[in-house]
file input.cif (mmCIF, C-alpha atoms)
data_coords
loop_
_atom_site.group_PDB
_atom_site.id
_atom_site.type_symbol
_atom_site.label_atom_id
_atom_site.label_comp_id
_atom_site.auth_asym_id
_atom_site.auth_seq_id
_atom_site.Cartn_x
_atom_site.Cartn_y
_atom_site.Cartn_z
ATOM 1 C CA MET Z 467 -0.388 -7.328 -15.510
ATOM 2 C CA ASP Z 468 2.831 -6.249 -13.793
ATOM 3 C CA ALA Z 469 3.115 -4.975 -10.210
ATOM 4 C CA GLU Z 470 3.663 -1.364 -11.286
ATOM 5 C CA GLU Z 471 0.370 -1.287 -13.193
ATOM 6 C CA LEU Z 472 -1.484 -2.894 -10.259
ATOM 7 C CA ILE Z 473 -0.090 -0.185 -7.969
ATOM 8 C CA ARG Z 474 -1.012 2.580 -10.426
ATOM 9 C CA ARG Z 475 -4.600 1.293 -10.695
ATOM 10 C CA GLY Z 476 -4.882 1.032 -6.922
ATOM 11 C CA TYR Z 477 -3.886 4.666 -6.409
ATOM 12 C CA ARG Z 478 -6.357 5.780 -9.086
ATOM 13 C CA ALA Z 479 -9.125 3.831 -7.355
ATOM 14 C CA LEU Z 480 -8.598 5.331 -3.900
ATOM 15 C CA GLY Z 481 -11.577 7.460 -3.003
ATOM 16 C CA LEU Z 482 -13.595 6.268 -5.975
ATOM 17 C CA GLY Z 483 -15.104 3.197 -4.352
ATOM 18 C CA ALA Z 484 -13.154 0.778 -6.562
ATOM 19 C CA ALA Z 485 -11.909 -1.353 -3.690
ATOM 20 C CA ASP Z 486 -11.060 -4.317 -5.954
ATOM 21 C CA ASP Z 487 -8.243 -2.350 -7.597
ATOM 22 C CA VAL Z 488 -6.831 -1.457 -4.185
ATOM 23 C CA LEU Z 489 -7.139 -5.056 -2.989
ATOM 24 C CA ALA Z 490 -5.439 -6.288 -6.184
ATOM 25 C CA MET Z 491 -2.351 -4.227 -5.297
ATOM 26 C CA PHE Z 492 -1.883 -6.545 -2.337
ATOM 27 C CA ASP Z 493 -2.993 -9.803 -3.926
ATOM 28 C CA GLN Z 494 -6.150 -9.914 -1.795
ATOM 29 C CA LEU Z 495 -8.523 -11.176 -4.488
ATOM 30 C CA GLY Z 496 -9.071 -14.807 -5.350
ATOM 31 C CA ASP Z 497 -9.271 -18.034 -3.403
ATOM 32 C CA GLU Z 498 -6.015 -17.682 -1.473
ATOM 33 C CA PRO Z 499 -5.341 -14.027 -0.653
ATOM 34 C CA ALA Z 500 -1.800 -13.124 0.357
ATOM 35 C CA GLN Z 501 -1.107 -12.758 4.061
ATOM 36 C CA TRP Z 502 0.609 -9.610 5.319
ATOM 37 C CA ALA Z 503 2.318 -8.552 8.531
ATOM 38 C CA VAL Z 504 2.363 -4.951 9.677
ATOM 39 C CA TYR Z 505 5.403 -3.520 11.402
ATOM 40 C CA ALA Z 506 5.840 -0.200 13.155
ATOM 41 C CA VAL Z 507 9.156 1.217 11.991
ATOM 42 C CA GLY Z 508 10.988 2.792 14.912
ATOM 43 C CA ALA Z 509 14.131 4.831 15.346
ATOM 44 C CA PHE Z 510 17.174 3.692 13.392
ATOM 45 C CA GLY Z 511 15.029 1.476 11.175
ATOM 46 C CA SER Z 512 14.188 -1.110 13.852
ATOM 47 C CA ARG Z 513 10.918 -2.931 13.259
ATOM 48 C CA HIS Z 514 8.383 -4.001 15.820
ATOM 49 C CA PRO Z 515 5.545 -6.390 14.932
ATOM 50 C CA ALA Z 516 2.201 -4.627 14.987
ATOM 51 C CA GLY Z 517 0.094 -7.683 14.184
ATOM 52 C CA ASP Z 518 -1.477 -9.303 11.155
ATOM 53 C CA VAL Z 519 -3.958 -7.184 9.232
ATOM 54 C CA VAL Z 520 -5.380 -6.856 5.776
ATOM 55 C CA ALA Z 521 -3.042 -4.884 3.526
ATOM 56 C CA MET Z 522 -5.657 -2.133 3.151
ATOM 57 C CA GLU Z 523 -4.356 -0.802 6.483
ATOM 58 C CA LEU Z 524 -1.778 1.194 4.514
ATOM 59 C CA PHE Z 525 -4.534 3.434 3.180
ATOM 60 C CA VAL Z 526 -6.948 3.517 6.092
ATOM 61 C CA GLY Z 527 -4.484 4.671 8.726
ATOM 62 C CA LEU Z 528 -6.122 8.093 8.647
ATOM 63 C CA PRO Z 529 -8.276 9.177 11.576
ATOM 64 C CA SER Z 530 -11.842 7.872 11.270
ATOM 65 C CA HIS Z 531 -13.291 11.387 10.851
ATOM 66 C CA PHE Z 532 -11.473 11.719 7.482
ATOM 67 C CA GLU Z 533 -12.606 10.114 4.253
ATOM 68 C CA VAL Z 534 -10.273 9.786 1.269
ATOM 69 C CA ILE Z 535 -11.784 11.333 -1.850
ATOM 70 C CA GLY Z 536 -8.758 11.038 -4.096
ATOM 71 C CA VAL Z 537 -5.006 10.947 -4.458
ATOM 72 C CA GLU Z 538 -2.617 13.393 -6.105
ATOM 73 C CA LEU Z 539 0.578 11.674 -7.214
ATOM 74 C CA ARG Z 540 3.574 14.006 -7.373
ATOM 75 C CA THR Z 541 6.546 11.642 -7.879
ATOM 76 C CA TRP Z 542 6.561 8.179 -9.410
ATOM 77 C CA SER Z 543 10.092 6.777 -9.558
ATOM 78 C CA MET Z 544 11.053 3.183 -10.386
ATOM 79 C CA ASN Z 545 14.677 2.090 -9.981
ATOM 80 C CA ARG Z 546 16.604 0.617 -12.928
ATOM 81 C CA ARG Z 547 16.215 -2.978 -11.808
ATOM 82 C CA ARG Z 548 12.455 -2.394 -11.507
ATOM 83 C CA THR Z 549 12.427 -3.723 -7.942
ATOM 84 C CA LYS Z 550 11.735 -0.525 -5.984
ATOM 85 C CA LEU Z 551 9.105 2.125 -6.669
ATOM 86 C CA THR Z 552 8.916 5.369 -4.697
ATOM 87 C CA VAL Z 553 5.591 7.209 -4.773
ATOM 88 C CA ILE Z 554 5.191 10.646 -3.222
ATOM 89 C CA GLY Z 555 1.850 12.388 -3.170
ATOM 90 C CA ARG Z 556 -1.034 13.718 -1.173
ATOM 91 C CA TYR Z 557 -4.284 12.180 -0.070
ATOM 92 C CA ARG Z 558 -7.230 14.450 -0.761
ATOM 93 C CA VAL Z 559 -9.417 14.009 2.294
ATOM 94 C CA ARG Z 560 -12.615 15.488 3.587
ATOM 95 C CA ILE Z 561 -13.750 15.692 7.173
ATOM 96 C CA ARG Z 562 -16.934 13.622 7.341
ATOM 97 C CA GLY Z 563 -20.003 15.841 7.134
ATOM 98 C CA SER Z 564 -17.999 18.707 5.652
ATOM 99 C CA TRP Z 565 -17.163 19.921 2.160
ATOM 100 C CA GLU Z 566 -13.731 21.196 3.162
ATOM 101 C CA VAL Z 567 -10.953 19.311 1.339
ATOM 102 C CA LEU Z 568 -7.524 18.945 2.894
ATOM 103 C CA ALA Z 569 -4.289 17.543 1.462
ATOM 104 C CA LEU Z 570 -2.284 15.121 3.602
ATOM 105 C CA PRO Z 571 1.178 14.069 2.356
ATOM 106 C CA PHE Z 572 2.443 10.511 1.967
ATOM 107 C CA THR Z 573 5.591 8.760 0.805
ATOM 108 C CA HIS Z 574 5.354 5.065 -0.033
ATOM 109 C CA VAL Z 575 8.269 2.850 -1.038
ATOM 110 C CA TRP Z 576 7.171 -0.322 -2.831
ATOM 111 C CA TYR Z 577 9.430 -3.372 -3.185
ATOM 112 C CA VAL Z 578 8.363 -5.667 -5.997
ATOM 113 C CA SER Z 579 9.584 -8.894 -7.511
ATOM 114 C CA SER Z 580 8.287 -10.326 -10.709
ATOM 115 C CA ARG Z 581 4.579 -9.506 -10.805
ATOM 116 C CA ARG Z 582 3.787 -8.893 -7.164
ATOM 117 C CA VAL Z 583 4.368 -6.566 -4.248
ATOM 118 C CA GLU Z 584 6.652 -8.010 -1.567
ATOM 119 C CA LYS Z 585 6.767 -5.069 0.829
ATOM 120 C CA VAL Z 586 5.635 -1.461 1.097
ATOM 121 C CA VAL Z 587 6.818 1.155 3.568
ATOM 122 C CA SER Z 588 4.855 4.276 4.418
ATOM 123 C CA LEU Z 589 7.653 6.583 5.530
ATOM 124 C CA LEU Z 590 5.568 9.356 7.056
ATOM 125 C CA ASP Z 591 3.388 6.916 9.017
ATOM 126 C CA GLY Z 592 6.261 4.659 10.098
ATOM 127 C CA VAL Z 593 4.447 1.541 8.883
ATOM 128 C CA GLU Z 594 5.767 -1.388 6.873
ATOM 129 C CA LEU Z 595 3.585 -4.058 5.276
ATOM 130 C CA ARG Z 596 5.463 -7.247 4.443
ATOM 131 C CA ARG Z 597 4.123 -10.240 2.499
ATOM 132 C CA LEU Z 598 4.315 -13.432 4.529
ATOM 133 C CA ALA Z 599 5.520 -16.652 2.973
ATOM 134 C CA PRO Z 600 2.593 -18.849 1.963
ATOM 135 C CA ALA Z 601 1.675 -21.491 4.504
ATOM 136 C CA ARG Z 602 2.949 -24.874 3.472
ATOM 137 C CA HIS Z 603 0.579 -27.756 3.874
ATOM 138 C CA SER Z 604 2.529 -30.627 5.346
ATOM 139 C CA GLY Z 605 0.424 -33.707 5.173
ATOM 140 C CA THR Z 606 1.585 -36.976 6.629
ATOM 141 C CA CYS Z 607 1.005 -40.311 5.050
ATOM 142 C CA SER Z 608 0.260 -43.341 7.181
#

call {"tool": "encode", "arguments": {"input": "input.cif", "output": "structure tokens"}}
result
Amino acid sequence: MDAEELIRRGYRALGLGAADDVLAMFDQLGDEPAQWAVYAVGAFGSRHPAGDVVAMELFVGLPSHFEVIGVELRTWSMNRRRTKLTVIGRYRVRIRGSWEVLALPFTHVWYVSSRRVEKVVSLLDGVELRRLAPARHSGTCS
């Protein structure tokens, strides 16, 4: 399955309790889940490390009194080289304990190579998730 389809499935799963599809977007399933770093994007595009977290942070950055019940995708645009996907939409959220549904906008820019996500930027939140290089096991022989 290519990265674009993994991303599409993850968005469909948001709010439906299908966490595995969301985790698959970020290569979090299996024996060796990918490691991600989170950066706060500041003025003029500077990046400041915000610490290591699970990639789900992209979708749970909402205040704790909101729960995501779905996603409305408005724009889905892949560049010609199929390396950058821009997704614009709205989270459908509900205030916990209420039936009132609100729409909160998002813009995500996904950078993909081959069959995996390398980086995703949430423009409105000012957050960038970047895949870390896998740890290399350097054993020594005696």

call {"tool": "resolve_selection", "arguments": {"input": "input.cif", "expression": "the PyMOL selection byres ((chain Z and resi 549-552) around 7)", "output": "ChimeraX atom specification"}}
result
/Z:542-545,547-548,553-554,574-579

call {"tool": "closest_residue", "arguments": {"input": "input.cif", "among": "Z:Leu480, Z:Glu498, Z:Ser580, Z:Pro600", "to": "Z:Val559", "atoms": "all atoms listed in the file"}}
result
Z:Leu480

call {"tool": "resolve_selection", "arguments": {"input": "input.cif", "expression": "the PyMOL selection byres ((chain Z and resi 484-492) around 12)", "output": "number ranges by chain"}}
result
Z: 467-483, 493-496, 498-503, 519-526, 535-536, 576-578, 581-586, 595-598

call {"tool": "atom_distance", "arguments": {"input": "input.cif", "atom1": "atom CA of Z:Val507", "atom2": "atom CA of Z:Pro571"}}
result
17.9 Å

call {"tool": "atom_distance", "arguments": {"input": "input.cif", "atom1": "atom CA of Z:Val593", "atom2": "atom CA of Z:Arg546"}}
result
25.0 Å

call {"tool": "atom_distance", "arguments": {"input": "input.cif", "atom1": "atom CA of Z:Gly555", "atom2": "atom CA of Z:Leu589"}}
result
12.0 Å

call {"tool": "closest_residue", "arguments": {"input": "input.cif", "among": "Z:Leu539, Z:Glu533, Z:Leu590, Z:Tyr505", "to": "Z:Val567", "atoms": "all atoms listed in the file"}}
result
Z:Glu533
